[in-house]
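Have a look at protein.cif; it's mmCIF, C-alpha atoms and all ligand atoms:
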data_model
#
loop_
_atom_site.label_atom_id
_atom_site.label_comp_id
_atom_site.auth_asym_id
_atom_site.auth_seq_id
_atom_site.Cartn_x
_atom_site.Cartn_y
_atom_site.Cartn_z
CA MET A 18 -3.38 22.06 -0.16
CA LEU A 19 -4.14 19.28 2.24
CA SER A 20 -0.60 18.16 2.64
CA ASN A 21 0.48 20.12 5.68
CA ILE A 22 -2.26 19.86 8.19
CA GLU A 23 -0.42 21.68 10.90
CA LYS A 24 1.81 24.48 9.67
CA GLY A 25 3.44 26.76 12.16
CA THR A 26 6.39 26.53 14.45
CA ASN A 27 9.18 24.10 13.70
CA GLU A 28 8.31 22.13 16.79
CA LYS A 29 4.83 21.49 15.45
CA ASP A 30 6.16 20.68 12.00
CA LYS A 31 8.29 17.99 13.51
CA LYS A 32 5.46 16.55 15.55
CA TYR A 33 3.16 16.06 12.56
CA LYS A 34 5.75 15.23 9.93
CA VAL A 35 4.88 12.10 8.01
CA ASP A 36 7.54 9.41 8.10
CA ARG A 37 6.78 7.03 5.24
CA THR A 38 9.32 4.51 6.45
CA SER A 39 7.90 4.26 9.96
CA GLU A 40 6.19 1.19 11.36
CA GLU A 41 3.07 3.26 12.06
CA TYR A 42 2.82 4.33 8.43
CA LYS A 43 2.81 0.73 7.22
CA LYS A 44 0.32 -0.28 9.86
CA LEU A 45 -2.03 2.57 8.97
CA GLU A 46 -1.74 1.70 5.30
CA LEU A 47 -2.77 -1.91 5.92
CA LEU A 48 -5.51 -0.94 8.34
CA LEU A 49 -7.00 1.57 5.91
CA ALA A 50 -7.09 -1.07 3.17
CA GLU A 51 -8.75 -3.45 5.60
CA LEU A 52 -11.39 -0.90 6.61
CA LYS A 53 -12.15 -0.20 2.96
CA ARG A 54 -13.03 -3.88 2.55
CA GLU A 55 -15.36 -3.79 5.53
CA LYS A 56 -18.99 -4.62 4.68
CA MET A 57 -21.51 -2.00 5.74
CA TYR A 58 -24.27 -4.51 6.47
CA LEU A 59 -22.19 -5.57 9.43
CA TYR A 60 -22.88 -2.19 11.05
CA LYS A 61 -26.60 -2.40 10.30
CA ARG A 62 -26.56 -5.55 12.43
CA VAL A 63 -24.35 -3.97 15.08
CA GLN A 64 -26.87 -1.14 15.23
CA GLU A 65 -29.69 -3.61 15.92
CA ASP A 66 -27.53 -5.43 18.43
CA LEU A 67 -26.65 -2.30 20.40
CA GLY A 68 -30.11 -0.77 20.48
CA LYS A 69 -30.03 1.81 17.69
CA LYS A 70 -28.39 4.63 19.62
CA GLU A 71 -26.20 5.54 16.68
CA SER A 72 -26.68 5.05 12.94
CA ASP A 73 -24.70 2.36 11.12
CA LYS A 74 -22.51 5.05 9.57
CA VAL A 75 -21.70 6.57 12.95
CA LEU A 76 -20.94 3.14 14.39
CA PHE A 77 -18.56 2.47 11.52
CA ARG A 78 -16.87 5.82 12.09
CA ILE A 79 -16.40 5.13 15.80
CA TYR A 80 -15.01 1.72 14.95
CA CYS A 81 -12.57 3.16 12.40
CA ILE A 82 -11.35 5.92 14.73
CA SER A 83 -10.83 3.48 17.57
CA LYS A 84 -8.82 1.17 15.30
CA PHE A 85 -6.66 4.10 14.11
CA LYS A 86 -6.09 5.10 17.71
CA GLU A 87 -4.64 1.68 18.41
CA ILE A 88 -1.77 2.69 16.14
CA MET A 89 -1.45 6.41 16.96
CA GLU A 90 -2.94 8.53 19.70
CA ASP A 91 -2.93 12.00 18.15
CA ARG A 92 -5.88 12.57 15.80
CA LYS A 93 -4.12 15.31 13.83
CA LYS A 94 -1.15 13.08 13.30
CA ILE A 95 -3.34 10.20 12.13
CA ALA A 96 -5.14 12.55 9.75
CA ASN A 97 -1.83 13.79 8.37
CA TYR A 98 -0.63 10.24 7.75
CA LEU A 99 -3.89 9.15 6.15
CA VAL A 100 -3.90 12.17 3.83
CA ASP A 101 -0.46 11.11 2.67
CA ILE A 102 -1.56 7.50 2.19
CA GLU A 103 -4.76 8.43 0.35
CA TYR A 104 -3.57 11.30 -1.84
CA TYR A 105 0.07 10.57 -2.52
CA ASN A 106 0.09 6.83 -3.02
CA GLU A 107 -0.53 6.07 -6.67
CA GLU A 108 -2.74 3.03 -6.04
CA ASN A 109 -5.10 4.91 -3.70
CA LYS A 110 -5.58 8.03 -5.78
CA GLN A 111 -8.68 6.73 -7.54
CA ASP A 112 -10.28 5.40 -4.34
CA ARG A 113 -13.16 7.05 -2.56
CA LYS A 114 -11.96 8.91 0.50
CA ASP A 115 -15.02 8.36 2.68
CA ILE A 116 -13.18 6.91 5.64
CA LEU A 117 -10.65 9.72 5.82
CA TRP A 118 -13.31 12.41 5.52
CA ASN A 119 -15.81 10.74 7.82
CA CYS A 120 -13.28 10.23 10.57
CA PHE A 121 -11.22 13.39 10.26
CA GLY A 122 -13.44 15.79 8.31
CA ASP A 123 -13.17 18.43 11.03
CA ILE A 124 -9.37 18.49 10.85
CA LEU A 125 -9.29 18.49 7.04
CA TYR A 126 -11.86 21.26 6.84
CA ASP A 127 -10.11 23.32 9.46
CA ASN A 128 -6.93 23.01 7.50
CA LEU A 129 -8.58 23.96 4.22
CA CYS A 130 -9.90 27.11 5.86
CA LYS A 131 -6.45 27.98 7.16
CA ASN A 132 -4.96 27.43 3.73
CA ILE A 133 -7.41 29.71 2.02
CA GLU A 134 -7.17 32.17 4.92
CA ASN A 135 -10.75 31.93 5.89
CA ASP A 136 -11.57 32.30 9.55
CA LYS A 137 -15.02 30.73 9.49
CA GLU A 138 -15.95 28.46 12.34
CA VAL A 139 -15.71 24.78 11.59
CA PRO A 140 -19.31 23.66 11.06
CA PHE A 141 -18.96 20.33 12.84
CA LYS A 142 -20.60 19.33 16.06
CA LYS A 143 -17.82 19.44 18.61
CA ASP A 144 -18.39 15.99 20.01
CA MET A 145 -19.11 14.35 16.67
CA TYR A 146 -15.75 12.60 16.63
CA LYS A 147 -15.68 11.75 20.28
CA SER A 148 -16.97 8.63 21.91
CA SER A 149 -16.31 7.00 25.22
CA SER A 150 -13.82 4.17 25.26
CA LYS A 151 -16.55 2.07 26.83
CA ARG A 152 -18.75 2.62 23.78
CA GLU A 153 -15.84 1.88 21.48
CA GLN A 154 -15.31 -1.40 23.27
CA GLU A 155 -19.02 -2.28 23.02
CA ILE A 156 -18.98 -1.61 19.28
CA LYS A 157 -15.86 -3.67 18.74
CA GLU A 158 -17.31 -6.59 20.67
CA SER A 159 -20.67 -6.42 18.91
CA ARG A 160 -18.93 -6.29 15.53
CA GLU A 161 -16.86 -9.35 16.42
CA LYS A 162 -19.95 -11.25 17.53
CA ILE A 163 -21.96 -10.41 14.42
CA LYS A 164 -19.08 -11.12 12.11
CA LYS A 165 -18.85 -14.60 13.63
CA GLU A 166 -22.62 -15.11 13.26
CA GLN A 167 -22.44 -14.06 9.61
CA GLU A 168 -19.59 -16.43 8.99
CA GLU A 169 -21.56 -19.22 10.65
CA ILE A 170 -24.54 -18.63 8.35
CA VAL A 171 -22.54 -19.15 5.19
CA LYS A 172 -20.49 -22.04 6.57
CA ILE A 173 -21.87 -25.34 5.26
CA PRO A 174 -20.28 -28.69 6.16
CA ILE A 175 -19.66 -31.04 3.23
CA THR A 176 -19.61 -34.65 4.37
CA GLU A 177 -17.98 -37.52 2.57
CA THR A 178 -21.39 -38.90 1.53
CA LEU A 179 -22.42 -35.59 -0.01
CA TYR A 180 -19.08 -35.05 -1.68
CA ASN A 181 -19.17 -38.50 -3.26
CA TYR A 182 -22.72 -37.89 -4.40
CA PHE A 183 -21.88 -34.63 -6.18
CA MET A 184 -18.59 -35.73 -7.66
CA GLY A 185 -19.91 -39.15 -8.62
CA LEU A 186 -22.72 -37.72 -10.71
CA ILE A 187 -22.89 -39.40 -14.10
CA THR A 188 -22.83 -36.67 -16.72
CA ARG A 189 -22.58 -36.46 -20.45
CA LYS A 190 -19.15 -35.93 -21.89
CA ARG A 191 -18.00 -32.30 -21.61
CA CYS A 192 -20.83 -31.62 -19.16
CA GLU A 193 -18.79 -32.51 -16.08
CA LYS A 194 -19.39 -29.04 -14.70
CA ASP A 195 -22.95 -30.10 -13.92
CA ARG A 196 -21.45 -31.66 -10.78
CA TYR A 197 -20.19 -28.27 -9.70
CA ILE A 198 -23.59 -26.74 -10.42
CA LEU A 199 -25.37 -29.28 -8.26
CA TYR A 200 -22.84 -28.74 -5.47
CA ILE A 201 -23.32 -24.95 -5.65
CA LEU A 202 -27.09 -25.37 -5.53
CA TYR A 203 -26.78 -27.51 -2.43
CA VAL A 204 -24.61 -24.96 -0.61
CA LEU A 205 -26.88 -22.07 -1.59
CA LEU A 206 -29.93 -24.00 -0.42
CA GLU A 207 -28.38 -24.79 2.97
CA ARG A 208 -27.36 -21.14 3.40
CA PHE A 209 -30.87 -20.06 2.49
CA LYS A 210 -32.33 -22.45 5.06
CA LYS A 211 -29.99 -21.26 7.77
CA LYS A 212 -31.02 -17.70 7.08
CA TYR A 213 -34.76 -18.09 6.62
CA GLY A 214 -35.59 -21.33 8.40
CA ASP A 215 -36.03 -24.92 7.32
CA LYS A 216 -39.35 -24.33 5.58
CA LYS A 217 -37.64 -22.77 2.61
CA SER A 218 -36.55 -25.83 0.73
CA TYR A 219 -35.74 -24.05 -2.51
CA ILE A 220 -33.31 -21.50 -3.91
CA ARG A 221 -34.27 -18.38 -5.78
CA LEU A 222 -32.29 -17.88 -8.94
CA TYR A 223 -33.15 -14.38 -10.14
CA LYS A 224 -33.70 -13.54 -13.78
CA GLY A 225 -31.67 -11.03 -15.75
CA THR A 226 -28.07 -10.14 -15.08
CA LYS A 227 -28.17 -6.82 -13.24
CA GLN A 228 -29.65 -7.91 -9.92
CA LYS A 229 -27.56 -6.30 -7.24
CA GLY A 230 -26.81 -8.66 -4.39
CA LYS A 231 -29.02 -11.40 -5.84
CA ILE A 232 -27.93 -14.73 -7.22
CA THR A 233 -28.55 -15.08 -10.96
CA ALA A 234 -27.46 -17.61 -13.58
CA ALA A 235 -24.73 -15.11 -14.43
CA THR A 236 -23.43 -15.32 -10.85
CA LEU A 237 -23.01 -19.06 -11.25
CA ASP A 238 -21.44 -18.68 -14.70
CA ASN A 239 -18.99 -16.30 -13.13
CA TRP A 240 -18.09 -18.76 -10.37
CA LEU A 241 -17.80 -21.60 -12.88
CA GLU A 242 -15.89 -19.41 -15.32
CA SER A 243 -18.08 -20.79 -18.09
CA LYS A 244 -21.46 -19.97 -19.52
CA CYS A 245 -22.90 -23.35 -18.73
CA THR A 246 -25.45 -22.72 -15.98
CA GLN A 247 -28.68 -22.48 -18.03
CA LYS A 248 -27.97 -25.61 -20.03
CA GLY A 249 -26.63 -27.39 -16.98
CA LEU A 250 -29.81 -26.70 -15.03
CA GLU A 251 -31.90 -28.10 -17.88
CA ARG A 252 -29.83 -31.27 -17.95
CA LEU A 253 -29.96 -31.66 -14.18
CA GLU A 254 -33.74 -31.30 -14.30
CA LYS A 255 -34.09 -33.76 -17.14
CA ASN A 256 -32.12 -36.32 -15.18
CA GLY A 257 -34.22 -35.84 -12.09
CA TYR A 258 -31.67 -34.14 -9.81
CA ILE A 259 -33.48 -30.83 -9.49
CA LYS A 260 -36.89 -29.28 -10.01
CA GLN A 261 -37.33 -25.83 -11.52
CA GLU A 262 -40.39 -23.69 -11.16
CA GLU A 263 -40.78 -20.43 -13.08
CA CYS A 264 -41.90 -17.39 -11.12
CA GLN A 265 -42.10 -13.85 -12.34
CA ARG A 266 -38.79 -12.52 -11.09
CA TYR A 267 -36.96 -15.73 -10.33
CA LYS A 268 -36.80 -19.47 -10.74
CA LYS A 269 -37.47 -21.64 -7.73
CA ILE A 270 -35.05 -24.52 -7.70
CA SER A 271 -35.32 -27.47 -5.36
CA LEU A 272 -33.07 -30.51 -5.11
CA CYS A 273 -34.32 -34.08 -5.43
CA GLU A 274 -32.68 -37.34 -4.49
CA LEU A 275 -30.09 -35.87 -2.15
CA PRO A 276 -28.51 -38.58 -0.01
CA ILE A 277 -30.10 -38.39 3.40
CA VAL A 278 -27.91 -38.74 6.43
CA GLU A 279 -29.88 -39.80 9.49
CA GLU A 280 -29.47 -37.59 12.53
CA LYS A 281 -28.09 -40.54 14.52
CA ASP A 282 -25.38 -41.16 11.91
CA LEU A 283 -24.30 -37.53 11.82
CA PRO A 284 -21.59 -37.78 14.49
CA GLN A 285 -19.85 -40.54 12.55
CA GLU A 286 -20.17 -38.74 9.23
CA LYS A 287 -16.84 -37.45 8.13
CA ILE A 288 -16.83 -33.76 7.28
CA LEU A 289 -14.37 -33.24 4.46
CA PHE A 290 -14.46 -29.44 4.42
CA TYR A 291 -16.69 -26.44 4.94
CA ALA A 292 -18.09 -24.32 2.12
CA GLU A 293 -17.52 -20.83 3.49
CA SER A 294 -16.45 -18.61 0.60
CA ASN A 295 -18.94 -16.51 -1.29
CA ASN A 296 -18.15 -18.69 -4.28
CA PRO A 297 -18.47 -22.20 -2.77
CA LEU A 298 -16.38 -23.70 -5.55
CA LEU A 299 -13.25 -22.14 -4.10
CA ASP A 300 -13.64 -24.34 -1.01
CA LEU A 301 -14.36 -27.43 -3.11
CA TRP A 302 -11.34 -26.82 -5.33
CA LYS A 303 -9.12 -26.05 -2.35
CA HIS A 304 -10.14 -29.45 -1.01
CA ASN A 305 -9.82 -31.61 -4.10
CA GLY A 306 -7.27 -29.68 -6.14
CA ASP A 307 -9.39 -29.59 -9.33
CA ARG A 308 -8.26 -26.00 -9.66
CA LYS A 309 -5.45 -24.17 -7.92
CA VAL A 310 -6.80 -22.14 -4.99
CA ARG A 311 -4.75 -20.20 -2.46
CA LEU A 312 -5.30 -17.91 0.49
CA CYS A 313 -4.51 -14.27 -0.24
CA GLU A 314 -1.45 -13.29 1.79
CA ILE A 315 -2.92 -9.88 2.56
CA CYS A 316 -6.64 -10.30 3.20
CA GLY A 317 -6.85 -14.06 3.74
CA SER A 318 -9.64 -14.76 1.27
CA LYS A 319 -9.48 -17.75 -1.06
CA PHE A 320 -8.83 -17.03 -4.73
CA LEU A 321 -8.27 -18.89 -7.98
CA VAL A 322 -4.56 -18.78 -8.72
CA VAL A 323 -3.42 -17.44 -12.07
CA GLY A 324 0.26 -17.97 -12.70
CA ASN A 325 2.14 -17.59 -9.45
CA ALA A 326 -0.14 -15.03 -7.78
CA LYS A 327 0.01 -14.77 -4.01
CA THR A 328 -2.82 -12.26 -3.64
CA CYS A 329 -6.46 -12.06 -4.74
CA THR A 330 -6.45 -8.63 -6.42
CA ASP A 331 -4.08 -5.95 -7.73
CA LYS A 332 -4.76 -3.96 -4.59
CA CYS A 333 -3.65 -6.74 -2.29
CA SER A 334 -0.71 -7.39 -4.58
CA THR A 335 0.52 -3.78 -4.23
CA LEU A 336 0.20 -3.99 -0.46
CA LEU A 337 2.16 -7.23 -0.41
CA LYS A 338 4.95 -5.74 -2.53
CA LYS A 339 5.20 -2.84 -0.12
CA ARG A 340 5.17 -5.09 2.90
CA ASN A 341 7.97 -7.21 1.46
CA LYS A 342 10.00 -4.17 0.44
CA ASN A 343 9.69 -2.77 3.94
CA LYS A 344 10.67 -6.06 5.47
CA GLY A 345 13.81 -6.07 3.36
CA SER A 346 14.85 -2.62 4.52
CA ILE A 347 14.62 -3.31 8.23
ZN ZN A 401 -6.66 -10.18 -0.88
#

In structure tokens, how does this file's structure come out?
Amino acid sequence: MLSNIEKGTNEKDKKYKVDRTSEEYKKLELLLAELKREKMYLYKRVQEDLGKKESDKVLFRIYCISKFKEIMEDRKKIANYLVDIEYYNEENKQDRKDILWNCFGDILYDNLCKNIENDKEVPFKKDMYKSSSKREQEIKESREKIKKEQEEIVKIPITETLYNYFMGLITRKRCEKDRYILYILYVLLERFKKKYGDKKSYIRLYKGTKQKGKITAATLDNWLESKCTQKGLERLEKNGYIKQEECQRYKKISLCELPIVEEKDLPQEKILFYAESNNPLLDLWKHNGDRKVRLCEICGSKFLVVGNAKTCTDKCSTLLKKRNKNKGSI
């Protein structure tokens, strides 16, 4: 029912016809996948940055529409292409269609009404999908700025001294992963300090497993791919590397005996790499090769390589296959 957004004269049919082999189609497909990965908290921050004129959802919509317009000018044509991408591509069928409906709801609704021969007015505010190009530019710039800030917050330099300290930790046999745990704790602590100020010299490790957006022992187990966090923490405490303090909803963990680099020595300190991935181990392993880590060829995030994978998820893998197939046909 949604497939032919603009039925009518042949001329119009031609204008809105979807060409799956076109450059625009591929670009829209990649852009849509990219927008689906976008984090909504980014727009909460953009909203604060730009003075709360629009809600985060509206800001995201304006951003999406302006990105689509970089590929195609005509909104109806974009909508037609996106319907095809969302509803006819096997790998997208199960996805939520928020972006499509939020950005082009008026066109889709209008078309539904035409298809069921209903002449009701479209109940959308006329200017809901319009925004000045100046505003679009402001939103794009603010988003860029905040994205950079966010990336800065999680980016922790690992110097040679620190690296040697973590990796040189004497552990019991088969408990070598304790080194990774201590390294993770350090990165989390530094991120926490950057976010909340230097006074917070501890990490909160939340209890239970279903704590949305919070770091739990299960989060670490997941990163380590081994259920060794609880025991590891006990060992690290016993050996004097960390201190744990039980609170009601979380454990406070602080680090002891970290090597201290004097401010004056900092410029000479060699930075080996930056911990910047959500799972800091990916950056460590990328650096030292303990495990095979690659950059996803589609979205650019680091991932643990299984077999000969070139992408981080099935989704990215499908997109890559398509991209390569299209390349071959040109
Ligand atoms: Zn990816």

Inset, instruction - Give as a PyMOL selection string the residues surrounding ligand ZN 401 (chain A) up to a distance of 7 Å, considering all atoms listed in the file. - result: chain A and resi 313-318+328-330+333

Legend entry - Which residue of A:Arg308, A:Ser39, A:Phe85, A:Leu59 approaches Glu166 (chain A) most closely, using only C-alpha atoms: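 Answer, going by the shortest atom-to-atom distance: A:Leu59.
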
Legend entry - Pick from A:Asp300, A:Asp101, A:Glu155, A:Glu293 nearest to Ile79 (chain A), counting only C-alpha atoms: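 Of A:Asp300, A:Asp101, A:Glu155, A:Glu293, the one nearest Ile79 (chain A), counting only C-alpha atoms, is A:Glu155.
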
Legend entry - Residue nearest Arg152 (chain A) - candidates A:Ile170, A:Ala50, A:Ile124, A:Leu67, atoms counted: only C-alpha atoms: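 Under the stated criterion, the closest residue is A:Leu67.
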
Inset, instruction - Quote the spacing between CA of Glu41 (chain A) and CA of Asn119 (chain A) in Å to one decimal place. - result: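 These atoms are spaced 20.7 Å apart.
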
Inset, instruction - Tell me which protein, DNA and RNA residues are within 6 Å of region 267-271 of chain A, counting only C-alpha atoms, leaving out same-chain ones fewer than 3 positions away, and put them as a list in words. - result: Tyr219, Ile220, Arg221, Leu222, Tyr223, Lys224, Ile259, Lys260, Gln261, Glu262, Glu263 and Cys264 of chain A

Legend entry - Exercise: Lys44 (chain A) partners within 12 Å, all atoms listed in the file, chain neighbours under 4 positions left out, as a list in words: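 Near Lys44 (chain A), the qualifying residues are Arg37, Thr38, Ser39, Glu40, Leu48, Leu49, Ala50, Glu51, Lys84, Phe85, Lys86, Glu87, Ile88, Met89, Ile95, Tyr98, Leu99, Ile102, Leu336, Lys339, Arg340 and Asn343 of chain A.
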
Store the residues picked out above in a file with C-alpha atoms, as a PDB file, keeping the file's coordinate frame.
ATOM      1  CA  ARG A  37       6.780   7.030   5.240  1.00  0.00           C
ATOM      2  CA  THR A  38       9.320   4.510   6.450  1.00  0.00           C
ATOM      3  CA  SER A  39       7.900   4.260   9.960  1.00  0.00           C
ATOM      4  CA  GLU A  40       6.190   1.190  11.360  1.00  0.00           C
ATOM      5  CA  LEU A  48      -5.510  -0.940   8.340  1.00  0.00           C
ATOM      6  CA  LEU A  49      -7.000   1.570   5.910  1.00  0.00           C
ATOM      7  CA  ALA A  50      -7.090  -1.070   3.170  1.00  0.00           C
ATOM      8  CA  GLU A  51      -8.750  -3.450   5.600  1.00  0.00           C
ATOM      9  CA  LYS A  84      -8.820   1.170  15.300  1.00  0.00           C
ATOM     10  CA  PHE A  85      -6.660   4.100  14.110  1.00  0.00           C
ATOM     11  CA  LYS A  86      -6.090   5.100  17.710  1.00  0.00           C
ATOM     12  CA  GLU A  87      -4.640   1.680  18.410  1.00  0.00           C
ATOM     13  CA  ILE A  88      -1.770   2.690  16.140  1.00  0.00           C
ATOM     14  CA  MET A  89      -1.450   6.410  16.960  1.00  0.00           C
ATOM     15  CA  ILE A  95      -3.340  10.200  12.130  1.00  0.00           C
ATOM     16  CA  TYR A  98      -0.630  10.240   7.750  1.00  0.00           C
ATOM     17  CA  LEU A  99      -3.890   9.150   6.150  1.00  0.00           C
ATOM     18  CA  ILE A 102      -1.560   7.500   2.190  1.00  0.00           C
ATOM     19  CA  LEU A 336       0.200  -3.990  -0.460  1.00  0.00           C
ATOM     20  CA  LYS A 339       5.200  -2.840  -0.120  1.00  0.00           C
ATOM     21  CA  ARG A 340       5.170  -5.090   2.900  1.00  0.00           C
ATOM     22  CA  ASN A 343       9.690  -2.770   3.940  1.00  0.00           C
TER      23      ASN A 343
END

Inset, instruction - Could you check how far CA of Arg160 (chain A) sits from CA of Leu312 (chain A), in Å to one decimal? - result: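 Straight-line distance from CA of Arg160 (chain A) to CA of Leu312 (chain A) works out to 23.4 Å.
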